[in-house]
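Novice: Just dropping this structure here.
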Amino acid sequence: MNLRRAIPSFCLSALLAACTNEQRSDVGTGGGTGTSESTGSASAATGASAGTGGSGGAGGTGGSGEEPALGPEEVPVLENIVFYDGYAATVDEPIPDGVIRHNNSLVATRLTEKQLAKVQTTLKVRVVVGALCDNYDRIGSVNLALVPKGAQTYVSSEVDRIEVARFVTPFMNMNKQPTTVPYEWEASNLVPILKDPDLLADHDFWFELSIFGVPYAANDEVAGCAGRDDTQLGSLLLYTDSTQEAQDFSVLLPLAIGEDFNNYAVGASDKVGTTRKTISFELPADTQNAQLVLITSNHGANQRGEEYIRREHYVYVDGELALQYKPGRTSCEPFRKYNTQSNGIYGLSPRSDEVWQSSSNWCPGDVIDTRIVPWGAASAGMHEFVIDVPDATFVDGQGNFPFSLYAQAR
């Protein structure tokens with residue numbers, strides 16, 4: 001598989017020093033959406049459906065001709081990892097063998113050969129978050145890192161990484177049931193990456209789980225949390241079977257992961273004052289089919305902040321409109337049961353769909369959708385991706401739309 005790096009166009013100016021691919025862990029909360037191009041779905045979601053990007057077939061038996069479909073497999077990757085205060089120095093607490101702690105809100109583990117061998121032709125990513133001493137809604141993500149073969153550890157900003165999934169934790173009181181919330185995403189487009197012999201020859205695949213949290217409110221508000229700095233429990237597993245044909249991609253281009261996207265910070269958009277971000281990248285060869293995989297979420301909890309106002313998002317590829325979407329579920333009521341800590345988003349009684357749609361870009365306890373941007377045939381050479389949210393205001397210079405993107409082609 002060909003692996004190429006992107007050239008963000010705004011980084012080519014004198015603002016180069018302001019550009020970064022490091023994922024921010026200090027973003028507060030995030031949100032979900034529901035469109036036909038999305039691949040996110042929580043267990044109680046009502047508005048998300050799976051995308052069909054790439055060449056995955058429906059109803060096939062896998063790419064093995066007459067061979068019968070294998071039985072489904074559930075592959076544990078990370079189990080009950082404790083996360084800690086995201087603003088504090090990295091703790092020196094015990095962590096399971098084979099797991100590394102990059103910081104208090106980001107851990108990683110290498111997929112073993114045995115785990116990789118279990119991956120069939122479809123893939124779902126599942127996360128379970130457990131309540132500890134953070135009773136607010138926070139952002140979390142799952143990333144895939146391509147690490148030099150045999151490395152025992154790595155610096156996250158120095159290897160190629162793609163964001164696979166993003167989610168928002170609910171307001172949870174660890175003394176009230178339920179104490180866990182499940183999330184799930186369709187991720188079969190990862191199969192050609194995980195099975196690619198060229199990538200496997202040079203890289204190990206590490207899955208990262210990030211859950212940002214802070215315990216300060218819970219220290220005072222939640223019984224048993226006084227003086228504690230543990231914020232959440234997190235588990236990650238994969239579900240795979242052979243009910244569909246494997247998708248067919250042979251080129252992977254990591255383009256951005258957790259980048260700032262707003263209209264007030266230098267380097268966070270094409271120019272200050274606009275919420276428009278351009279990424280230029282090169283396809284190594286002509287392709288029969290290509291797609292872009294996009295994750296954004298709207299943050300900003302200040303008065304009239306971007307969390308609360310739905311905006312039209314426009315995506316262009318080589319100047320042509322490829323996707324238009326407006327974040328937000330029909331209703332957040334399916335996730336009320338996970339929000340066991342009193343909070344101002346859910347209030348004391350159910351809200352109508354109209355109310356939710358007037359004030360919510362996401363639901364605490366919900367996934368943030370992974371959007372497949374269809375592209376199709378494309379020629380070798382330079383291409384341009386643009387995302388534009390022209391109505392965003394970022395009142396008082398607050399808020400952010402963390403932005404992740406990668407391309408796949410064959």
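Order determines the names: the first chain of the structure tokens is A, the second B, and so forth; residues in each chain are numbered 1 upward, and ligands are numbered 1 upward as they are shown.
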For the structure I just gave you, how does DSSP split segment 235-377 of chain A - specifically, which residues are strand (DSSP E)? Reply as a ChimeraX atom specification.

Specialist: /A:235-240,251-259,276-283,287-296,313-317,320-325,367-368,371-377

Novice: Could you tell me, as a list in words, which residues of segment 143-235 of chain A DSSP assigns to alpha helix (DSSP H) when given the backbone?

Specialist: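 Alpha helix (DSSP H) assignments inside segment 143-235 of chain A correspond to Val191, Pro192, Ile193, Leu194, Pro197, Asp198, Leu199, Leu200, Ala201, Asp202, Tyr216, Ala217, Ala218, Asn219, Asp220 and Glu221 of chain A.
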
Novice: Could you save those same residues with all heavy atoms as a short mmCIF file (atom, residue, chain, number, x, y, z; two decimals), in the first residue's frame?

Specialist:
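Listed below is the output, result28.cif:
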data_model
loop_
_atom_site.label_atom_id
_atom_site.label_comp_id
_atom_site.auth_asym_id
_atom_site.auth_seq_id
_atom_site.Cartn_x
_atom_site.Cartn_y
_atom_site.Cartn_z
N VAL A 191 -10.11 -2.37 7.05
CA VAL A 191 -9.64 -3.72 6.75
C VAL A 191 -8.50 -3.72 5.73
O VAL A 191 -7.47 -4.38 5.95
CB VAL A 191 -10.81 -4.62 6.31
CG1 VAL A 191 -10.30 -5.95 5.78
CG2 VAL A 191 -11.77 -4.84 7.47
N PRO A 192 -8.62 -3.00 4.58
CA PRO A 192 -7.50 -3.02 3.64
C PRO A 192 -6.22 -2.41 4.19
O PRO A 192 -5.12 -2.72 3.70
CB PRO A 192 -8.02 -2.24 2.43
CG PRO A 192 -9.17 -1.45 2.93
CD PRO A 192 -9.77 -2.25 4.04
N ILE A 193 -6.32 -1.57 5.20
CA ILE A 193 -5.12 -1.03 5.86
C ILE A 193 -4.49 -2.11 6.72
O ILE A 193 -3.29 -2.40 6.63
CB ILE A 193 -5.47 0.21 6.70
CG1 ILE A 193 -6.06 1.32 5.82
CG2 ILE A 193 -4.24 0.72 7.45
CD1 ILE A 193 -6.58 2.51 6.60
N LEU A 194 -5.30 -2.74 7.57
CA LEU A 194 -4.80 -3.71 8.53
C LEU A 194 -4.28 -4.98 7.86
O LEU A 194 -3.50 -5.73 8.45
CB LEU A 194 -5.88 -4.07 9.54
CG LEU A 194 -6.40 -2.92 10.41
CD1 LEU A 194 -7.55 -3.41 11.29
CD2 LEU A 194 -5.29 -2.33 11.27
N PRO A 197 0.02 -6.05 2.98
CA PRO A 197 1.34 -6.65 3.25
C PRO A 197 2.48 -5.63 3.22
O PRO A 197 3.46 -5.79 3.96
CB PRO A 197 1.49 -7.70 2.14
CG PRO A 197 0.52 -7.29 1.07
CD PRO A 197 -0.60 -6.61 1.77
N ASP A 198 2.39 -4.61 2.37
CA ASP A 198 3.45 -3.61 2.32
C ASP A 198 3.51 -2.79 3.60
O ASP A 198 4.59 -2.53 4.14
CB ASP A 198 3.26 -2.69 1.11
CG ASP A 198 3.43 -3.42 -0.21
OD1 ASP A 198 4.20 -4.40 -0.23
OD2 ASP A 198 2.79 -3.02 -1.20
N LEU A 199 2.35 -2.37 4.10
CA LEU A 199 2.33 -1.64 5.37
C LEU A 199 2.80 -2.53 6.51
O LEU A 199 3.56 -2.09 7.38
CB LEU A 199 0.93 -1.11 5.66
CG LEU A 199 0.42 0.05 4.80
CD1 LEU A 199 -0.98 0.46 5.24
CD2 LEU A 199 1.36 1.23 4.85
N LEU A 200 2.36 -3.79 6.50
CA LEU A 200 2.73 -4.70 7.58
C LEU A 200 4.23 -5.01 7.59
O LEU A 200 4.81 -5.30 8.63
CB LEU A 200 1.94 -6.00 7.46
CG LEU A 200 0.46 -5.92 7.86
CD1 LEU A 200 -0.30 -7.15 7.38
CD2 LEU A 200 0.31 -5.76 9.36
N ALA A 201 4.85 -4.92 6.43
CA ALA A 201 6.29 -5.20 6.36
C ALA A 201 7.11 -4.14 7.08
O ALA A 201 8.18 -4.44 7.63
CB ALA A 201 6.73 -5.30 4.90
N ASP A 202 6.61 -2.90 7.10
CA ASP A 202 7.38 -1.79 7.66
C ASP A 202 6.80 -1.22 8.94
O ASP A 202 7.48 -0.44 9.62
CB ASP A 202 7.48 -0.66 6.62
CG ASP A 202 8.24 -1.07 5.38
OD1 ASP A 202 9.17 -1.89 5.49
OD2 ASP A 202 7.89 -0.57 4.28
N TYR A 216 -12.21 17.99 38.80
CA TYR A 216 -12.35 19.06 39.78
C TYR A 216 -13.78 19.23 40.28
O TYR A 216 -14.01 19.39 41.49
CB TYR A 216 -11.83 20.39 39.21
CG TYR A 216 -10.49 20.25 38.51
CD1 TYR A 216 -10.23 20.92 37.33
CD2 TYR A 216 -9.48 19.42 39.02
CE1 TYR A 216 -9.02 20.80 36.67
CE2 TYR A 216 -8.27 19.29 38.38
CZ TYR A 216 -8.04 19.98 37.20
OH TYR A 216 -6.85 19.83 36.55
N ALA A 217 -14.76 19.19 39.39
CA ALA A 217 -16.15 19.31 39.84
C ALA A 217 -16.56 18.09 40.65
O ALA A 217 -17.19 18.20 41.70
CB ALA A 217 -17.08 19.51 38.65
N ALA A 218 -16.19 16.90 40.15
CA ALA A 218 -16.57 15.67 40.85
C ALA A 218 -15.93 15.57 42.23
O ALA A 218 -16.52 14.97 43.14
CB ALA A 218 -16.19 14.46 40.01
N ASN A 219 -14.74 16.16 42.40
CA ASN A 219 -14.12 16.14 43.73
C ASN A 219 -15.05 16.71 44.79
O ASN A 219 -15.02 16.26 45.95
CB ASN A 219 -12.82 16.95 43.71
CG ASN A 219 -11.70 16.33 42.90
OD1 ASN A 219 -10.79 17.01 42.46
ND2 ASN A 219 -11.75 15.02 42.67
N ASP A 220 -15.88 17.68 44.41
CA ASP A 220 -16.80 18.32 45.35
C ASP A 220 -18.23 17.77 45.25
O ASP A 220 -18.96 17.79 46.25
CB ASP A 220 -16.84 19.84 45.10
CG ASP A 220 -15.51 20.51 45.37
OD1 ASP A 220 -14.79 20.05 46.27
OD2 ASP A 220 -15.19 21.49 44.66
N GLU A 221 -18.61 17.28 44.06
CA GLU A 221 -20.02 16.99 43.81
C GLU A 221 -20.38 15.50 43.88
O GLU A 221 -21.57 15.16 44.02
CB GLU A 221 -20.42 17.52 42.43
CG GLU A 221 -20.29 19.03 42.30
CD GLU A 221 -20.49 19.54 40.88
OE1 GLU A 221 -20.71 18.69 39.97
OE2 GLU A 221 -20.43 20.76 40.67
#

Novice: A:Val99, A:Val125, A:Val155, A:Met382: which is nearest Ser188 of chain A, counting only C-alpha atoms?

Specialist: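 Residue with the minimum atom-to-atom distance to Ser188 of chain A: A:Val125.
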
Novice: How close does each residue of segment 75-187 of chain A get to segment 335-357 of chain A, giving the shortest atom pair and distance in Å to one decimal for every residue with an atom at most 9 Å away, counting only C-alpha atoms, sorted by chain and residue number, as a tab-separated table?

Specialist:
residue	atom	partner	partner_atom	distance
A:Asn135	CA	A:Gln341	CA	6.4
A:Tyr136	CA	A:Gln341	CA	8.0
A:Asp137	CA	A:Asn339	CA	9.0
A:Thr169	CA	A:Asn339	CA	8.9
A:Pro170	CA	A:Asn339	CA	5.2
A:Phe171	CA	A:Asn339	CA	4.7
A:Met172	CA	A:Thr340	CA	4.9
A:Asn173	CA	A:Gln341	CA	5.0
A:Met174	CA	A:Thr340	CA	8.4
A:Asn175	CA	A:Thr340	CA	8.9
A:Lys176	CA	A:Thr340	CA	6.3
A:Gln177	CA	A:Thr340	CA	7.2
A:Pro178	CA	A:Tyr338	CA	6.2
A:Thr179	CA	A:Tyr338	CA	7.7
A:Thr180	CA	A:Tyr338	CA	7.5
A:Val181	CA	A:Tyr338	CA	6.4

Novice: Write a file of the just-selected residues containing C-alpha atoms, as a compact mmCIF listing (two decimals), in the first residue's frame.

Specialist:
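Once written, again_5.txt looks like this:
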# COMPACT_ATOMS: atom_id res chain seq x y z
CA ASN A 135 -19.10 14.05 35.97
CA TYR A 136 -19.02 16.29 32.88
CA ASP A 137 -19.28 15.60 29.14
CA THR A 169 -18.98 11.13 27.22
CA PRO A 170 -22.21 11.77 29.13
CA PHE A 171 -22.61 13.56 32.44
CA MET A 172 -22.08 10.54 34.71
CA ASN A 173 -22.22 10.08 38.47
CA MET A 174 -20.25 6.94 39.30
CA ASN A 175 -22.68 6.13 42.14
CA LYS A 176 -25.72 5.91 39.85
CA GLN A 177 -26.73 3.33 37.23
CA PRO A 178 -25.91 2.91 34.43
CA THR A 179 -22.20 3.45 35.10
CA THR A 180 -21.10 2.63 31.55
CA VAL A 181 -22.00 3.86 28.07

Novice: Rank A:Val168, A:Cys363, A:Leu144, A:Ala108 by their smallest atom-to-atom distance to Ile95 of chain A, using only C-alpha atoms, and report the top residue only.

Specialist: A:Ala108

Novice: If we count only C-alpha atoms and set the cut-off at 8 Å, which residues sit around segment 228-239 of chain A, ignoring sequence neighbours fewer than 4 positions away in its own chain? Please answer as a ChimeraX atom specification.

Specialist: /A:72-85,123-134,209,211,213-215,219

Novice: Give me, please, the distance in Å between atom CA of Gly86 of chain A and atom CA of Phe212 of chain A, quoted to one decimal.

Specialist: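 Separating atom CA of Gly86 of chain A from atom CA of Phe212 of chain A is a distance of 5.6 Å.
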
Novice: Excluding same-chain residues fewer than 6 positions from Val293 of chain A, what lies within 8 Å of it counting only C-alpha atoms, as a list in words?

Specialist: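 Contacts, with the query itself left out: Thr370, Arg371, Ile372, Val373, Leu405, Tyr406, Ala407 and Gln408 of chain A.
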
Novice: From the list A:Ala145, A:Met1, A:Leu111, A:Leu70, which residue is nearest Phe249 of chain A when using only C-alpha atoms?

Specialist: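 Nearest candidate to Phe249 of chain A out of A:Ala145, A:Met1, A:Leu111, A:Leu70: A:Met1.
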
Novice: Figure out the distance between atom CA of Leu321 of chain A and atom CA of Pro254 of chain A, please, to one decimal in Å.

Specialist: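 Atom-to-atom, atom CA of Pro254 of chain A and atom CA of Leu321 of chain A are spaced 21.4 Å apart.
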
Novice: Considering only C-alpha atoms, state which residue in the set A:Asp260, A:Glu307, A:Asp248, A:Glu163 is at the smallest distance from Gln288 of chain A.

Specialist: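 Between A:Asp260, A:Glu307, A:Asp248, A:Glu163, the residue approaching Gln288 of chain A most closely is A:Asp248.
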
Novice: Quick one: everything within 8 Å of Ile387 of chain A, counting only C-alpha atoms, minus sequence neighbours fewer than 2 positions away in the same chain. Send it as a list in words.

Specialist: Arg276, Lys277, Thr278, His313, Tyr314, Val315, Tyr316, Phe385 and Val389 of chain A

Novice: Give me the residues within 8 Å of Lys326 of chain A as a list of chain:residue names, counting only C-alpha atoms and dropping any in the same chain fewer than 3 places off.

Specialist: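 Here the answer would be A:Thr33, A:Arg310, A:Arg311, A:Glu312, A:His313.
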
Novice: Those residues with N, CA, C and O atoms, as a PDB file, in the first residue's frame please?

Specialist:
ATOM      1  N   THR A  33     -23.619  13.682  14.625  1.00  0.00           N
ATOM      2  CA  THR A  33     -24.450  14.084  13.515  1.00  0.00           C
ATOM      3  C   THR A  33     -25.156  12.875  12.968  1.00  0.00           C
ATOM      4  O   THR A  33     -24.840  11.754  13.301  1.00  0.00           O
ATOM      5  N   ARG A 310     -26.368  25.212  15.056  1.00  0.00           N
ATOM      6  CA  ARG A 310     -26.087  24.322  13.941  1.00  0.00           C
ATOM      7  C   ARG A 310     -25.704  25.131  12.705  1.00  0.00           C
ATOM      8  O   ARG A 310     -26.379  26.083  12.332  1.00  0.00           O
ATOM      9  N   ARG A 311     -24.622  24.704  12.055  1.00  0.00           N
ATOM     10  CA  ARG A 311     -24.108  25.407  10.879  1.00  0.00           C
ATOM     11  C   ARG A 311     -24.039  24.444   9.695  1.00  0.00           C
ATOM     12  O   ARG A 311     -23.719  23.264   9.862  1.00  0.00           O
ATOM     13  N   GLU A 312     -24.277  24.959   8.514  1.00  0.00           N
ATOM     14  CA  GLU A 312     -24.046  24.180   7.300  1.00  0.00           C
ATOM     15  C   GLU A 312     -22.546  24.058   7.061  1.00  0.00           C
ATOM     16  O   GLU A 312     -21.802  25.038   7.134  1.00  0.00           O
ATOM     17  N   HIS A 313     -22.104  22.823   6.794  1.00  0.00           N
ATOM     18  CA  HIS A 313     -20.710  22.524   6.463  1.00  0.00           C
ATOM     19  C   HIS A 313     -20.658  22.119   4.994  1.00  0.00           C
ATOM     20  O   HIS A 313     -21.436  21.261   4.552  1.00  0.00           O
TER      21      HIS A 313
END

Novice: Identify which of the residues A:Leu283, A:Val395, A:Ile139, A:Ala380 lies closest to Gly305 of chain A, counting only C-alpha atoms when measuring atom-to-atom distances.

Specialist: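 That would be A:Val395, the residue with the smallest distance to Gly305 of chain A.
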
Novice: Leaving out Ala377 of chain A and any residue of its chain fewer than 5 positions from it, which residues lie within 12 Å of it when counting only C-alpha atoms, given as a PDB file with all heavy atoms, in the first residue's frame?

Specialist:
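Written file, result_21.pdb:
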ATOM      1  N   GLY A  54     -15.889   3.131  -0.646  1.00  0.00           N
ATOM      2  CA  GLY A  54     -15.018   2.131  -1.217  1.00  0.00           C
ATOM      3  C   GLY A  54     -15.807   1.170  -2.069  1.00  0.00           C
ATOM      4  O   GLY A  54     -16.825   1.502  -2.647  1.00  0.00           O
ATOM      5  N   LEU A 283      -1.971  12.428  -5.129  1.00  0.00           N
ATOM      6  CA  LEU A 283      -2.224  11.028  -5.404  1.00  0.00           C
ATOM      7  C   LEU A 283      -1.032  10.462  -6.164  1.00  0.00           C
ATOM      8  O   LEU A 283      -0.599  11.039  -7.162  1.00  0.00           O
ATOM      9  CB  LEU A 283      -3.493  10.858  -6.242  1.00  0.00           C
ATOM     10  CG  LEU A 283      -4.842  10.958  -5.541  1.00  0.00           C
ATOM     11  CD1 LEU A 283      -5.969  10.761  -6.546  1.00  0.00           C
ATOM     12  CD2 LEU A 283      -4.959   9.920  -4.426  1.00  0.00           C
ATOM     13  N   ALA A 285      -0.811   7.856  -8.085  1.00  0.00           N
ATOM     14  CA  ALA A 285      -1.137   7.257  -9.375  1.00  0.00           C
ATOM     15  C   ALA A 285      -2.611   7.490  -9.673  1.00  0.00           C
ATOM     16  O   ALA A 285      -3.390   7.857  -8.777  1.00  0.00           O
ATOM     17  CB  ALA A 285      -0.833   5.752  -9.346  1.00  0.00           C
ATOM     18  N   ASP A 286      -2.994   7.288 -10.922  1.00  0.00           N
ATOM     19  CA  ASP A 286      -4.406   7.347 -11.264  1.00  0.00           C
ATOM     20  C   ASP A 286      -5.167   6.335 -10.423  1.00  0.00           C
ATOM     21  O   ASP A 286      -4.659   5.248 -10.101  1.00  0.00           O
ATOM     22  CB  ASP A 286      -4.612   7.022 -12.739  1.00  0.00           C
ATOM     23  CG  ASP A 286      -4.045   8.086 -13.671  1.00  0.00           C
ATOM     24  OD1 ASP A 286      -3.682   9.181 -13.181  1.00  0.00           O
ATOM     25  OD2 ASP A 286      -3.945   7.808 -14.891  1.00  0.00           O
ATOM     26  N   THR A 287      -6.396   6.677 -10.064  1.00  0.00           N
ATOM     27  CA  THR A 287      -7.187   5.783  -9.234  1.00  0.00           C
ATOM     28  C   THR A 287      -8.567   5.566  -9.850  1.00  0.00           C
ATOM     29  O   THR A 287      -9.159   6.493 -10.421  1.00  0.00           O
ATOM     30  CB  THR A 287      -7.344   6.336  -7.804  1.00  0.00           C
ATOM     31  OG1 THR A 287      -8.171   5.460  -7.035  1.00  0.00           O
ATOM     32  CG2 THR A 287      -7.981   7.722  -7.797  1.00  0.00           C
ATOM     33  N   GLN A 288      -9.058   4.331  -9.716  1.00  0.00           N
ATOM     34  CA  GLN A 288     -10.407   4.021 -10.166  1.00  0.00           C
ATOM     35  C   GLN A 288     -11.448   4.516  -9.170  1.00  0.00           C
ATOM     36  O   GLN A 288     -12.571   4.836  -9.537  1.00  0.00           O
ATOM     37  CB  GLN A 288     -10.566   2.506 -10.342  1.00  0.00           C
ATOM     38  CG  GLN A 288      -9.645   1.894 -11.380  1.00  0.00           C
ATOM     39  CD  GLN A 288      -9.766   0.379 -11.405  1.00  0.00           C
ATOM     40  OE1 GLN A 288     -10.342  -0.237 -10.500  1.00  0.00           O
ATOM     41  NE2 GLN A 288      -9.222  -0.235 -12.441  1.00  0.00           N
ATOM     42  N   ASN A 289     -11.060   4.531  -7.914  1.00  0.00           N
ATOM     43  CA  ASN A 289     -12.016   4.947  -6.887  1.00  0.00           C
ATOM     44  C   ASN A 289     -11.258   5.505  -5.691  1.00  0.00           C
ATOM     45  O   ASN A 289     -10.275   4.925  -5.241  1.00  0.00           O
ATOM     46  CB  ASN A 289     -12.877   3.769  -6.434  1.00  0.00           C
ATOM     47  CG  ASN A 289     -13.964   4.189  -5.462  1.00  0.00           C
ATOM     48  OD1 ASN A 289     -14.699   5.134  -5.723  1.00  0.00           O
ATOM     49  ND2 ASN A 289     -14.062   3.507  -4.346  1.00  0.00           N
ATOM     50  N   ALA A 290     -11.693   6.633  -5.194  1.00  0.00           N
ATOM     51  CA  ALA A 290     -11.081   7.249  -4.016  1.00  0.00           C
ATOM     52  C   ALA A 290     -12.179   7.787  -3.116  1.00  0.00           C
ATOM     53  O   ALA A 290     -13.295   8.093  -3.558  1.00  0.00           O
ATOM     54  CB  ALA A 290     -10.128   8.368  -4.425  1.00  0.00           C
ATOM     55  N   GLN A 291     -11.852   7.893  -1.832  1.00  0.00           N
ATOM     56  CA  GLN A 291     -12.757   8.508  -0.875  1.00  0.00           C
ATOM     57  C   GLN A 291     -11.945   9.233   0.178  1.00  0.00           C
ATOM     58  O   GLN A 291     -10.769   8.928   0.402  1.00  0.00           O
ATOM     59  CB  GLN A 291     -13.660   7.466  -0.215  1.00  0.00           C
ATOM     60  CG  GLN A 291     -12.930   6.476   0.683  1.00  0.00           C
ATOM     61  CD  GLN A 291     -13.863   5.448   1.315  1.00  0.00           C
ATOM     62  OE1 GLN A 291     -14.970   5.192   0.821  1.00  0.00           O
ATOM     63  NE2 GLN A 291     -13.438   4.842   2.416  1.00  0.00           N
ATOM     64  N   GLN A 408      -8.312   7.502   0.958  1.00  0.00           N
ATOM     65  CA  GLN A 408      -8.041   6.150   0.515  1.00  0.00           C
ATOM     66  C   GLN A 408      -8.322   6.066  -0.974  1.00  0.00           C
ATOM     67  O   GLN A 408      -9.260   6.705  -1.476  1.00  0.00           O
ATOM     68  CB  GLN A 408      -8.927   5.138   1.256  1.00  0.00           C
ATOM     69  CG  GLN A 408      -8.619   5.025   2.734  1.00  0.00           C
ATOM     70  CD  GLN A 408      -9.522   4.023   3.431  1.00  0.00           C
ATOM     71  OE1 GLN A 408     -10.679   4.320   3.707  1.00  0.00           O
ATOM     72  NE2 GLN A 408      -9.004   2.839   3.713  1.00  0.00           N
ATOM     73  N   ALA A 409      -7.525   5.282  -1.685  1.00  0.00           N
ATOM     74  CA  ALA A 409      -7.706   5.143  -3.133  1.00  0.00           C
ATOM     75  C   ALA A 409      -7.261   3.755  -3.559  1.00  0.00           C
ATOM     76  O   ALA A 409      -6.568   3.042  -2.839  1.00  0.00           O
ATOM     77  CB  ALA A 409      -6.890   6.213  -3.870  1.00  0.00           C
ATOM     78  N   ARG A 410      -7.685   3.371  -4.782  1.00  0.00           N
ATOM     79  CA  ARG A 410      -7.221   2.097  -5.362  1.00  0.00           C
ATOM     80  C   ARG A 410      -6.989   2.275  -6.854  1.00  0.00           C
ATOM     81  O   ARG A 410      -7.440   3.236  -7.451  1.00  0.00           O
ATOM     82  CB  ARG A 410      -8.226   0.982  -5.122  1.00  0.00           C
ATOM     83  CG  ARG A 410      -9.604   1.200  -5.758  1.00  0.00           C
ATOM     84  CD  ARG A 410     -10.495  -0.006  -5.497  1.00  0.00           C
ATOM     85  NE  ARG A 410     -11.883   0.215  -5.930  1.00  0.00           N
ATOM     86  CZ  ARG A 410     -12.327  -0.076  -7.142  1.00  0.00           C
ATOM     87  NH1 ARG A 410     -11.530  -0.577  -8.054  1.00  0.00           N
ATOM     88  NH2 ARG A 410     -13.596   0.142  -7.465  1.00  0.00           N
TER      89      ARG A 410
END

Novice: Determine the nearest neighbour of Asn298 of chain A from the options A:Cys332, A:Ile279, A:Ala392, A:Val222, counting only C-alpha atoms.

Specialist: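 Smallest distance to Asn298 of chain A is found for A:Ala392.
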